$ cat upload-v1.cif   # mmCIF, C-alpha atoms
data_my_file
loop_
_atom_site.label_atom_id
_atom_site.label_comp_id
_atom_site.auth_asym_id
_atom_site.auth_seq_id
_atom_site.Cartn_x
_atom_site.Cartn_y
_atom_site.Cartn_z
CA MET A 1 -49.51 -5.75 97.14
CA THR A 2 -51.44 -5.91 93.88
CA GLN A 3 -50.78 -5.50 90.19
CA GLU A 4 -52.68 -2.21 90.36
CA ARG A 5 -50.26 -0.89 93.00
CA TRP A 6 -47.17 -2.07 91.11
CA THR A 7 -48.40 -0.33 87.96
CA ALA A 8 -49.16 2.86 89.89
CA VAL A 9 -45.66 2.91 91.35
CA ASP A 10 -44.13 2.46 87.89
CA ARG A 11 -46.26 5.39 86.74
CA TYR A 12 -45.00 7.46 89.67
CA VAL A 13 -41.39 6.64 88.79
CA GLY A 14 -42.05 7.59 85.19
CA GLU A 15 -43.54 10.93 86.18
CA HIS A 16 -40.98 11.85 88.85
CA VAL A 17 -37.69 10.29 87.69
CA LEU A 18 -37.88 9.68 83.94
CA ALA A 19 -38.09 12.60 81.57
CA THR A 20 -40.97 12.81 79.10
CA ASP A 21 -39.74 11.21 75.88
CA PRO A 22 -41.92 11.70 72.78
CA VAL A 23 -39.83 9.31 70.68
CA LEU A 24 -40.16 6.40 73.08
CA GLU A 25 -43.84 7.15 73.66
CA SER A 26 -44.37 7.23 69.90
CA ALA A 27 -42.68 3.84 69.56
CA LEU A 28 -45.08 2.36 72.11
CA ARG A 29 -48.11 3.90 70.38
CA ALA A 30 -46.99 2.65 66.97
CA SER A 31 -46.44 -0.84 68.34
CA ALA A 32 -49.89 -0.88 69.94
CA ALA A 33 -51.53 0.46 66.78
CA ALA A 34 -49.90 -2.32 64.76
CA GLY A 35 -51.24 -4.96 67.13
CA LEU A 36 -47.93 -5.97 68.68
CA PRO A 37 -48.32 -7.64 72.08
CA PRO A 38 -47.72 -5.25 75.03
CA ILE A 39 -44.68 -7.13 76.29
CA ALA A 40 -41.91 -4.56 75.85
CA VAL A 41 -39.87 -3.68 78.92
CA SER A 42 -41.42 -0.99 81.09
CA PRO A 43 -40.00 2.57 81.03
CA PRO A 44 -38.10 2.07 84.33
CA GLN A 45 -36.70 -1.21 83.01
CA GLY A 46 -35.72 0.46 79.75
CA LYS A 47 -33.85 3.12 81.67
CA LEU A 48 -32.16 0.39 83.71
CA LEU A 49 -30.90 -1.24 80.50
CA HIS A 50 -29.69 2.15 79.30
CA LEU A 51 -27.80 2.80 82.53
CA LEU A 52 -26.26 -0.67 82.59
CA ALA A 53 -25.01 -0.21 79.04
CA ARG A 54 -23.47 3.14 79.97
CA LEU A 55 -21.95 1.82 83.20
CA HIS A 56 -20.43 -1.04 81.23
CA HIS A 57 -19.08 1.39 78.59
CA ALA A 58 -20.69 -0.77 75.91
CA ARG A 59 -19.66 0.03 72.35
CA THR A 60 -21.14 -3.09 70.77
CA ILE A 61 -24.55 -4.49 71.73
CA LEU A 62 -26.50 -7.52 70.54
CA GLU A 63 -30.22 -7.81 71.23
CA LEU A 64 -32.31 -10.96 70.73
CA GLY A 65 -35.99 -10.10 70.39
CA THR A 66 -36.68 -6.65 68.96
CA LEU A 67 -40.48 -6.54 69.09
CA GLY A 68 -41.27 -2.86 68.35
CA ALA A 69 -37.71 -1.67 69.18
CA TYR A 70 -38.60 0.02 72.47
CA SER A 71 -35.72 -1.59 74.35
CA THR A 72 -33.57 -1.24 71.22
CA ILE A 73 -33.93 2.53 71.36
CA TRP A 74 -33.04 2.64 75.05
CA LEU A 75 -29.91 0.56 74.46
CA ALA A 76 -28.82 2.31 71.26
CA ARG A 77 -29.01 5.70 72.95
CA ALA A 78 -26.44 4.48 75.48
CA LEU A 79 -23.82 3.85 72.79
CA PRO A 80 -20.91 6.25 72.33
CA HIS A 81 -20.03 7.76 68.95
CA GLY A 82 -19.06 4.93 66.62
CA GLY A 83 -20.95 2.30 68.63
CA ARG A 84 -23.21 -0.27 66.97
CA LEU A 85 -26.16 -2.46 67.87
CA ILE A 86 -27.44 -5.56 66.12
CA THR A 87 -30.98 -6.58 66.96
CA ILE A 88 -32.68 -9.79 65.77
CA GLU A 89 -36.43 -10.20 65.35
CA ALA A 90 -38.07 -13.42 64.16
CA ASP A 91 -41.43 -11.95 63.11
CA PRO A 92 -41.32 -9.90 59.87
CA ALA A 93 -44.43 -7.91 60.85
CA TYR A 94 -42.86 -6.94 64.16
CA ALA A 95 -39.61 -6.12 62.38
CA GLN A 96 -41.38 -3.73 60.02
CA VAL A 97 -42.78 -1.76 62.96
CA ALA A 98 -39.41 -1.88 64.70
CA GLY A 99 -37.60 -0.55 61.65
CA GLU A 100 -39.99 2.37 61.42
CA ASN A 101 -39.56 3.14 65.12
CA ILE A 102 -35.78 2.96 64.84
CA ALA A 103 -35.85 5.35 61.90
CA GLN A 104 -38.22 7.70 63.74
CA ALA A 105 -35.74 7.72 66.63
CA GLY A 106 -32.92 8.74 64.26
CA LEU A 107 -30.96 5.57 65.00
CA SER A 108 -30.89 3.78 61.65
CA HIS A 109 -27.18 4.55 61.30
CA VAL A 110 -26.48 2.86 64.63
CA VAL A 111 -28.89 -0.09 64.66
CA GLU A 112 -28.79 -3.04 62.28
CA LEU A 113 -32.09 -4.94 62.29
CA ARG A 114 -31.90 -8.57 61.18
CA VAL A 115 -35.07 -10.53 60.47
CA GLY A 116 -35.43 -14.24 61.06
CA PRO A 117 -35.25 -16.82 63.84
CA ALA A 118 -32.38 -16.05 66.17
CA LEU A 119 -30.97 -19.58 65.95
CA GLU A 120 -30.62 -19.01 62.20
CA GLN A 121 -29.27 -15.47 62.46
CA LEU A 122 -26.73 -16.06 65.25
CA PRO A 123 -24.52 -18.45 63.21
CA ARG A 124 -24.50 -15.84 60.44
CA VAL A 125 -23.42 -13.16 62.89
CA ALA A 126 -20.67 -15.45 64.18
CA SER A 127 -19.49 -16.28 60.63
CA GLU A 128 -18.86 -12.59 60.00
CA ASN A 129 -16.20 -12.59 62.74
CA PRO A 130 -17.62 -9.48 64.40
CA GLU A 131 -15.92 -7.58 67.15
CA PRO A 132 -17.03 -9.35 70.35
CA PHE A 133 -20.07 -7.77 71.95
CA ASP A 134 -19.77 -5.78 75.16
CA LEU A 135 -23.41 -6.32 76.13
CA ILE A 136 -26.01 -8.84 75.01
CA PHE A 137 -29.70 -8.54 75.90
CA ILE A 138 -31.75 -11.76 75.60
CA ASP A 139 -35.50 -11.11 75.36
CA ALA A 140 -36.74 -13.55 72.73
CA ASP A 141 -38.82 -16.74 73.04
CA LYS A 142 -38.26 -18.11 76.51
CA GLN A 143 -38.11 -21.82 75.76
CA THR A 144 -34.97 -21.26 73.66
CA THR A 145 -33.17 -19.06 76.19
CA PRO A 146 -30.56 -21.71 77.11
CA GLN A 147 -29.42 -21.94 73.47
CA TYR A 148 -29.41 -18.15 73.18
CA PHE A 149 -27.26 -17.90 76.29
CA THR A 150 -24.77 -20.40 74.86
CA TRP A 151 -24.50 -18.28 71.73
CA ALA A 152 -24.19 -15.14 73.84
CA LEU A 153 -21.18 -16.63 75.61
CA ARG A 154 -19.58 -17.39 72.26
CA LEU A 155 -20.15 -13.86 70.98
CA SER A 156 -19.27 -11.92 74.16
CA ARG A 157 -15.95 -10.31 74.86
CA PRO A 158 -14.09 -11.24 78.04
CA GLY A 159 -15.70 -9.12 80.72
CA GLY A 160 -18.90 -8.74 78.70
CA LEU A 161 -22.35 -8.47 80.26
CA ILE A 162 -25.30 -10.72 79.35
CA ILE A 163 -28.76 -9.62 80.52
CA THR A 164 -31.75 -11.95 80.27
CA ASP A 165 -35.36 -10.86 80.78
CA ASN A 166 -38.49 -12.68 82.02
CA VAL A 167 -36.61 -15.30 84.01
CA ILE A 168 -38.97 -15.69 87.01
CA ARG A 169 -42.25 -16.15 85.13
CA GLY A 170 -44.48 -14.97 87.96
CA GLY A 171 -42.86 -17.43 90.34
CA ALA A 172 -43.67 -20.43 88.15
CA LEU A 173 -39.93 -21.04 87.98
CA ILE A 174 -40.21 -23.02 91.24
CA ASP A 175 -43.69 -24.48 90.68
CA HIS A 176 -42.95 -28.15 90.02
CA GLU A 177 -46.47 -28.70 88.69
CA CYS A 178 -45.95 -26.13 85.91
CA SER A 179 -44.82 -27.67 82.63
CA ASP A 180 -45.11 -24.53 80.48
CA PRO A 181 -42.27 -24.74 77.91
CA ARG A 182 -41.33 -21.12 78.65
CA VAL A 183 -40.94 -21.91 82.34
CA GLU A 184 -39.02 -25.10 81.62
CA GLY A 185 -36.74 -23.06 79.38
CA MET A 186 -35.94 -20.77 82.27
CA ARG A 187 -35.28 -23.71 84.56
CA ARG A 188 -32.77 -25.09 82.06
CA PHE A 189 -31.27 -21.62 81.79
CA HIS A 190 -30.70 -21.43 85.55
CA GLN A 191 -29.22 -24.92 85.57
CA LEU A 192 -26.88 -23.81 82.80
CA LEU A 193 -25.84 -20.79 84.85
CA ARG A 194 -25.18 -23.00 87.88
CA ASP A 195 -22.83 -25.22 85.89
CA GLU A 196 -21.13 -22.51 83.80
CA PRO A 197 -17.74 -21.50 85.29
CA ARG A 198 -17.20 -18.71 82.76
CA VAL A 199 -19.78 -16.36 84.26
CA SER A 200 -20.60 -14.77 87.59
CA ALA A 201 -24.37 -14.28 87.69
CA THR A 202 -27.39 -13.40 89.75
CA THR A 203 -31.13 -13.31 89.19
CA ILE A 204 -33.18 -10.44 90.61
CA GLN A 205 -36.96 -10.62 91.07
CA THR A 206 -38.91 -7.59 89.82
CA VAL A 207 -42.42 -6.21 90.09
CA GLY A 208 -44.04 -3.39 88.15
CA SER A 209 -46.41 -2.70 85.30
CA LYS A 210 -45.11 -5.88 83.65
CA GLY A 211 -46.16 -7.96 86.65
CA TYR A 212 -43.96 -10.26 88.71
CA ASP A 213 -40.84 -11.43 86.88
CA GLY A 214 -37.10 -10.85 86.92
CA PHE A 215 -33.77 -10.20 85.22
CA THR A 216 -30.59 -12.27 85.19
CA LEU A 217 -27.24 -10.49 84.93
CA ALA A 218 -24.22 -12.57 83.97
CA LEU A 219 -20.72 -11.11 83.88
CA VAL A 220 -18.43 -13.03 81.56
CA SER A 221 -15.01 -13.96 82.90
CA ASP A 222 -12.06 -11.82 81.82
CA GLU A 223 -10.32 -15.07 80.96
CA LEU A 224 -12.88 -16.23 78.40
#
$ encode --input "upload-v1.cif" --output "C-alpha cells"
Amino acid sequence: MTQERWTAVDRYVGEHVLATDPVLESALRASAAAGLPPIAVSPPQGKLLHLLARLHHARTILELGTLGAYSTIWLARALPHGGRLITIEADPAYAQVAGENIAQAGLSHVVELRVGPALEQLPRVASENPEPFDLIFIDADKQTTPQYFTWALRLSRPGGLIITDNVIRGGALIDHECSDPRVEGMRRFHQLLRDEPRVSATTIQTVGSKGYDGFTLALVSDEL
C-alpha cells in the first residue's frame, strides 16, 4: 500500500460517505491561502471527532492546537444548545485565520479562541474554575504532549474523554534510533498512559491522506 492509495481511499470516503460542506472546504482554502501548514485532520478524521463528541454527549470541549480551526468546527458542531468549546492556539497568525474561519462557520458564540502557548493558557483556564470538560482534544506541539495530558486529566470531568492526535509518528514511535523530540514526546506520553491508573486507554494506528499515524483515546475514571 502507498500514500497515493491511502489518499485515494480518503477521497472515496469523502465523496461517498461525507456530505459536501462548503464551510469546512472554505476553512481549508483560507488556511492554505494564508500559508498555514497542511496538517489539519483529514475530513474522515474530522467526522470521527464529531461523532465521538456526539456519542460522548459532550457539552464542554477543550482543544489544544487550533491551527485554522478545521477540527474546531467539526467539534463545535457536535455540541448541543448551550454547549461551549475553548480552543488554544500558540501562533497569533494561525489564530487570526482560525478566528475568521470560526466566524464564517457561524460559531463565534460557541467557540472561545485563546491565543498563546498552551502551557501558559491552561493554568489560566484552571484558575477560572470552569465546569470540567467532557472532551479534550490534544493536537498541539508533540514534544509537550505529556504535559498537556497531565493538564487534561486535571481539567476533565470523571468519565471524560481525552483524544490525542499524531501519536504513532509514521512508526518512529518504536524506532530506537530516532531521537526526534516529537517522537520522544510521544514515547513519554505512552509511558505516562501505562503508569496512569485514572484512565483506560488505547492507541489506534491510522492511514490516510495524512499518512501513517494514529490516535490515542483515554477514558477518565468515574472516580477521578
$ resolve_selection --input "upload-v1.cif" --expression "the PyMOL selection byres ((chain A and resi 114) around 12)" --output "NGL selection string"
:A and (62-67 or 85-92 or 94-96 or 98-99 or 111-113 or 115-118 or 120-122 or 124-125)
$ write_last_selection --input "upload-v1.cif" --atoms "C-alpha atoms" --output "PDB file, in the frame of the given file"
ATOM      1  CA  LEU A  62     -26.500  -7.520  70.540  1.00  0.00           C
ATOM      2  CA  GLU A  63     -30.220  -7.810  71.230  1.00  0.00           C
ATOM      3  CA  LEU A  64     -32.310 -10.960  70.730  1.00  0.00           C
ATOM      4  CA  GLY A  65     -35.990 -10.100  70.390  1.00  0.00           C
ATOM      5  CA  THR A  66     -36.680  -6.650  68.960  1.00  0.00           C
ATOM      6  CA  LEU A  67     -40.480  -6.540  69.090  1.00  0.00           C
ATOM      7  CA  LEU A  85     -26.160  -2.460  67.870  1.00  0.00           C
ATOM      8  CA  ILE A  86     -27.440  -5.560  66.120  1.00  0.00           C
ATOM      9  CA  THR A  87     -30.980  -6.580  66.960  1.00  0.00           C
ATOM     10  CA  ILE A  88     -32.680  -9.790  65.770  1.00  0.00           C
ATOM     11  CA  GLU A  89     -36.430 -10.200  65.350  1.00  0.00           C
ATOM     12  CA  ALA A  90     -38.070 -13.420  64.160  1.00  0.00           C
ATOM     13  CA  ASP A  91     -41.430 -11.950  63.110  1.00  0.00           C
ATOM     14  CA  PRO A  92     -41.320  -9.900  59.870  1.00  0.00           C
ATOM     15  CA  TYR A  94     -42.860  -6.940  64.160  1.00  0.00           C
ATOM     16  CA  ALA A  95     -39.610  -6.120  62.380  1.00  0.00           C
ATOM     17  CA  GLN A  96     -41.380  -3.730  60.020  1.00  0.00           C
ATOM     18  CA  ALA A  98     -39.410  -1.880  64.700  1.00  0.00           C
ATOM     19  CA  GLY A  99     -37.600  -0.550  61.650  1.00  0.00           C
ATOM     20  CA  VAL A 111     -28.890  -0.090  64.660  1.00  0.00           C
ATOM     21  CA  GLU A 112     -28.790  -3.040  62.280  1.00  0.00           C
ATOM     22  CA  LEU A 113     -32.090  -4.940  62.290  1.00  0.00           C
ATOM     23  CA  VAL A 115     -35.070 -10.530  60.470  1.00  0.00           C
ATOM     24  CA  GLY A 116     -35.430 -14.240  61.060  1.00  0.00           C
ATOM     25  CA  PRO A 117     -35.250 -16.820  63.840  1.00  0.00           C
ATOM     26  CA  ALA A 118     -32.380 -16.050  66.170  1.00  0.00           C
ATOM     27  CA  GLU A 120     -30.620 -19.010  62.200  1.00  0.00           C
ATOM     28  CA  GLN A 121     -29.270 -15.470  62.460  1.00  0.00           C
ATOM     29  CA  LEU A 122     -26.730 -16.060  65.250  1.00  0.00           C
ATOM     30  CA  ARG A 124     -24.500 -15.840  60.440  1.00  0.00           C
ATOM     31  CA  VAL A 125     -23.420 -13.160  62.890  1.00  0.00           C
TER      32      VAL A 125
END
$ residues_around --input "upload-v1.cif" --residues "segment 213-220 of chain A" --least-positions-apart "6" --cutoff "8 Å" --atoms "all atoms listed in the file" --output "number ranges by chain"
A: 153, 156-171, 198-207
$ write_last_selection --input "upload-v1.cif" --atoms "C-alpha atoms" --output "PDB file, in the frame of the given file"
ATOM      1  CA  LEU A 153     -21.180 -16.630  75.610  1.00  0.00           C
ATOM      2  CA  SER A 156     -19.270 -11.920  74.160  1.00  0.00           C
ATOM      3  CA  ARG A 157     -15.950 -10.310  74.860  1.00  0.00           C
ATOM      4  CA  PRO A 158     -14.090 -11.240  78.040  1.00  0.00           C
ATOM      5  CA  GLY A 159     -15.700  -9.120  80.720  1.00  0.00           C
ATOM      6  CA  GLY A 160     -18.900  -8.740  78.700  1.00  0.00           C
ATOM      7  CA  LEU A 161     -22.350  -8.470  80.260  1.00  0.00           C
ATOM      8  CA  ILE A 162     -25.300 -10.720  79.350  1.00  0.00           C
ATOM      9  CA  ILE A 163     -28.760  -9.620  80.520  1.00  0.00           C
ATOM     10  CA  THR A 164     -31.750 -11.950  80.270  1.00  0.00           C
ATOM     11  CA  ASP A 165     -35.360 -10.860  80.780  1.00  0.00           C
ATOM     12  CA  ASN A 166     -38.490 -12.680  82.020  1.00  0.00           C
ATOM     13  CA  VAL A 167     -36.610 -15.300  84.010  1.00  0.00           C
ATOM     14  CA  ILE A 168     -38.970 -15.690  87.010  1.00  0.00           C
ATOM     15  CA  ARG A 169     -42.250 -16.150  85.130  1.00  0.00           C
ATOM     16  CA  GLY A 170     -44.480 -14.970  87.960  1.00  0.00           C
ATOM     17  CA  GLY A 171     -42.860 -17.430  90.340  1.00  0.00           C
ATOM     18  CA  ARG A 198     -17.200 -18.710  82.760  1.00  0.00           C
ATOM     19  CA  VAL A 199     -19.780 -16.360  84.260  1.00  0.00           C
ATOM     20  CA  SER A 200     -20.600 -14.770  87.590  1.00  0.00           C
ATOM     21  CA  ALA A 201     -24.370 -14.280  87.690  1.00  0.00           C
ATOM     22  CA  THR A 202     -27.390 -13.400  89.750  1.00  0.00           C
ATOM     23  CA  THR A 203     -31.130 -13.310  89.190  1.00  0.00           C
ATOM     24  CA  ILE A 204     -33.180 -10.440  90.610  1.00  0.00           C
ATOM     25  CA  GLN A 205     -36.960 -10.620  91.070  1.00  0.00           C
ATOM     26  CA  THR A 206     -38.910  -7.590  89.820  1.00  0.00           C
ATOM     27  CA  VAL A 207     -42.420  -6.210  90.090  1.00  0.00           C
TER      28      VAL A 207
END
$ resolve_selection --input "upload-v1.cif" --expression "the PyMOL selection byres ((chain A and resi 4-9) around 12)" --output "list in words"
Met1, Thr2, Gln3, Asp10, Arg11, Tyr12, Val13, Gly14, Glu15, His16, Val17, Ser42, Pro43, Pro44, Thr206, Val207, Gly208, Ser209, Lys210, Gly211 and Tyr212 of chain A
$ closest_residue --input "upload-v1.cif" --among "A:Ala93, A:Pro38, A:Leu55, A:Gly83" --to "Tyr70 of chain A" --atoms "only C-alpha atoms"
A:Pro38
$ atom_distance --input "upload-v1.cif" --atom1 "atom CA of Pro132 of chain A" --atom2 "atom CA of His109 of chain A"
19.4 Å
$ resolve_selection --input "upload-v1.cif" --expression "the PyMOL selection byres ((chain A and resi 182) around 12)" --output "PyMOL selection string"
chain A and resi 140-146+166-170+172-173+178-181+183-189
$ write_last_selection --input "upload-v1.cif" --atoms "C-alpha atoms" --output "PDB file, in the frame of the given file"
ATOM      1  CA  ALA A 140     -36.740 -13.550  72.730  1.00  0.00           C
ATOM      2  CA  ASP A 141     -38.820 -16.740  73.040  1.00  0.00           C
ATOM      3  CA  LYS A 142     -38.260 -18.110  76.510  1.00  0.00           C
ATOM      4  CA  GLN A 143     -38.110 -21.820  75.760  1.00  0.00           C
ATOM      5  CA  THR A 144     -34.970 -21.260  73.660  1.00  0.00           C
ATOM      6  CA  THR A 145     -33.170 -19.060  76.190  1.00  0.00           C
ATOM      7  CA  PRO A 146     -30.560 -21.710  77.110  1.00  0.00           C
ATOM      8  CA  ASN A 166     -38.490 -12.680  82.020  1.00  0.00           C
ATOM      9  CA  VAL A 167     -36.610 -15.300  84.010  1.00  0.00           C
ATOM     10  CA  ILE A 168     -38.970 -15.690  87.010  1.00  0.00           C
ATOM     11  CA  ARG A 169     -42.250 -16.150  85.130  1.00  0.00           C
ATOM     12  CA  GLY A 170     -44.480 -14.970  87.960  1.00  0.00           C
ATOM     13  CA  ALA A 172     -43.670 -20.430  88.150  1.00  0.00           C
ATOM     14  CA  LEU A 173     -39.930 -21.040  87.980  1.00  0.00           C
ATOM     15  CA  CYS A 178     -45.950 -26.130  85.910  1.00  0.00           C
ATOM     16  CA  SER A 179     -44.820 -27.670  82.630  1.00  0.00           C
ATOM     17  CA  ASP A 180     -45.110 -24.530  80.480  1.00  0.00           C
ATOM     18  CA  PRO A 181     -42.270 -24.740  77.910  1.00  0.00           C
ATOM     19  CA  VAL A 183     -40.940 -21.910  82.340  1.00  0.00           C
ATOM     20  CA  GLU A 184     -39.020 -25.100  81.620  1.00  0.00           C
ATOM     21  CA  GLY A 185     -36.740 -23.060  79.380  1.00  0.00           C
ATOM     22  CA  MET A 186     -35.940 -20.770  82.270  1.00  0.00           C
ATOM     23  CA  ARG A 187     -35.280 -23.710  84.560  1.00  0.00           C
ATOM     24  CA  ARG A 188     -32.770 -25.090  82.060  1.00  0.00           C
ATOM     25  CA  PHE A 189     -31.270 -21.620  81.790  1.00  0.00           C
TER      26      PHE A 189
END
$ residues_around --input "upload-v1.cif" --residues "segment 19-33 of chain A" --least-positions-apart "4" --cutoff "7 Å" --atoms "only C-alpha atoms" --output "CSV table (one decimal) with C-alpha atoms, in the frame of the given file"
chain,number,residue,atom,x,y,z
A,68,GLY,CA,-41.3,-2.9,68.4
A,70,TYR,CA,-38.6,0.0,72.5
A,97,VAL,CA,-42.8,-1.8,63.0
A,101,ASN,CA,-39.6,3.1,65.1
A,105,ALA,CA,-35.7,7.7,66.6
$ closest_residue --input "upload-v1.cif" --among "A:Ala126, A:Leu18, A:Ile73, A:Val41" --to "Glu100 of chain A" --atoms "all atoms listed in the file"
A:Ile73
$ atom_distance --input "upload-v1.cif" --atom1 "atom CA of Leu79 of chain A" --atom2 "atom CA of Asp139 of chain A"
19.2 Å
$ atom_distance --input "upload-v1.cif" --atom1 "atom CA of Gln147 of chain A" --atom2 "atom CA of Gln45 of chain A"
24.0 Å
$ closest_residue --input "upload-v1.cif" --among "A:Ile136, A:Leu119, A:Leu155, A:Ala103" --to "Ala58 of chain A" --atoms "only C-alpha atoms"
A:Ile136
$ axis_aligned_box --input "upload-v1.cif" --around "segment 22-39 of chain A" --padding-each-side "8 Å" --output "lines of an AutoDock Vina configuration file"
center_x = -45.7
center_y = 2.0
center_z = 70.5
size_x = 27.7
size_y = 35.3
size_z = 27.5
$ residues_around --input "upload-v1.cif" --residues "Arg59 of chain A" --least-positions-apart "2" --cutoff "10 Å" --atoms "only C-alpha atoms" --output "number ranges by chain"
A: 53-54, 56-57, 61, 76, 78-85, 131-135
$ build_atoms --input "upload-v1.cif" --residues "segment 162-186 of chain A" --atoms "N, CA and C atoms" --output "tab-separated table (two decimals), in the coordinates of the input"
chain	number	residue	atom	x	y	z
A	162	ILE	N	-24.14	-10.11	79.98
A	162	ILE	CA	-25.30	-10.72	79.35
A	162	ILE	C	-26.50	-10.52	80.27
A	163	ILE	N	-27.54	-9.89	79.74
A	163	ILE	CA	-28.76	-9.62	80.52
A	163	ILE	C	-29.90	-10.42	79.91
A	164	THR	N	-30.64	-11.14	80.74
A	164	THR	CA	-31.75	-11.95	80.27
A	164	THR	C	-33.02	-11.53	80.98
A	165	ASP	N	-34.10	-11.34	80.22
A	165	ASP	CA	-35.36	-10.86	80.78
A	165	ASP	C	-36.36	-12.00	80.95
A	166	ASN	N	-37.35	-11.77	81.82
A	166	ASN	CA	-38.49	-12.68	82.02
A	166	ASN	C	-38.05	-14.05	82.54
A	167	VAL	N	-37.21	-14.05	83.55
A	167	VAL	CA	-36.61	-15.30	84.01
A	167	VAL	C	-37.33	-15.92	85.21
A	168	ILE	N	-38.27	-15.19	85.82
A	168	ILE	CA	-38.97	-15.69	87.01
A	168	ILE	C	-40.34	-16.24	86.67
A	169	ARG	N	-40.98	-15.66	85.65
A	169	ARG	CA	-42.25	-16.15	85.13
A	169	ARG	C	-43.34	-16.18	86.20
A	170	GLY	N	-43.45	-15.06	86.94
A	170	GLY	CA	-44.48	-14.97	87.96
A	170	GLY	C	-44.33	-15.97	89.09
A	171	GLY	N	-43.12	-16.45	89.30
A	171	GLY	CA	-42.86	-17.43	90.34
A	171	GLY	C	-43.02	-18.86	89.89
A	172	ALA	N	-43.49	-19.06	88.66
A	172	ALA	CA	-43.67	-20.43	88.15
A	172	ALA	C	-42.35	-21.17	88.03
A	173	LEU	N	-41.25	-20.44	88.06
A	173	LEU	CA	-39.93	-21.04	87.98
A	173	LEU	C	-39.77	-22.17	89.01
A	174	ILE	N	-40.37	-22.01	90.20
A	174	ILE	CA	-40.21	-23.02	91.24
A	174	ILE	C	-41.48	-23.85	91.46
A	175	ASP	N	-42.45	-23.71	90.58
A	175	ASP	CA	-43.69	-24.48	90.68
A	175	ASP	C	-43.50	-25.79	89.92
A	176	HIS	N	-43.29	-26.87	90.64
A	176	HIS	CA	-42.95	-28.15	90.02
A	176	HIS	C	-44.12	-28.74	89.23
A	177	GLU	N	-45.32	-28.21	89.45
A	177	GLU	CA	-46.47	-28.70	88.69
A	177	GLU	C	-46.64	-27.97	87.37
A	178	CYS	N	-45.85	-26.91	87.16
A	178	CYS	CA	-45.95	-26.13	85.91
A	178	CYS	C	-45.03	-26.72	84.86
A	179	SER	N	-45.60	-27.10	83.72
A	179	SER	CA	-44.82	-27.67	82.63
A	179	SER	C	-44.81	-26.77	81.40
A	180	ASP	N	-45.14	-25.50	81.58
A	180	ASP	CA	-45.11	-24.53	80.48
A	180	ASP	C	-43.71	-24.54	79.87
A	181	PRO	N	-43.60	-24.70	78.54
A	181	PRO	CA	-42.27	-24.74	77.91
A	181	PRO	C	-41.43	-23.50	78.19
A	182	ARG	N	-42.08	-22.34	78.35
A	182	ARG	CA	-41.33	-21.12	78.65
A	182	ARG	C	-40.72	-21.19	80.05
A	183	VAL	N	-41.46	-21.76	80.98
A	183	VAL	CA	-40.94	-21.91	82.34
A	183	VAL	C	-39.83	-22.96	82.36
A	184	GLU	N	-40.04	-24.07	81.67
A	184	GLU	CA	-39.02	-25.10	81.62
A	184	GLU	C	-37.74	-24.57	80.97
A	185	GLY	N	-37.91	-23.69	79.99
A	185	GLY	CA	-36.74	-23.06	79.38
A	185	GLY	C	-35.94	-22.26	80.38
A	186	MET	N	-36.64	-21.55	81.26
A	186	MET	CA	-35.94	-20.77	82.27
A	186	MET	C	-35.32	-21.63	83.35
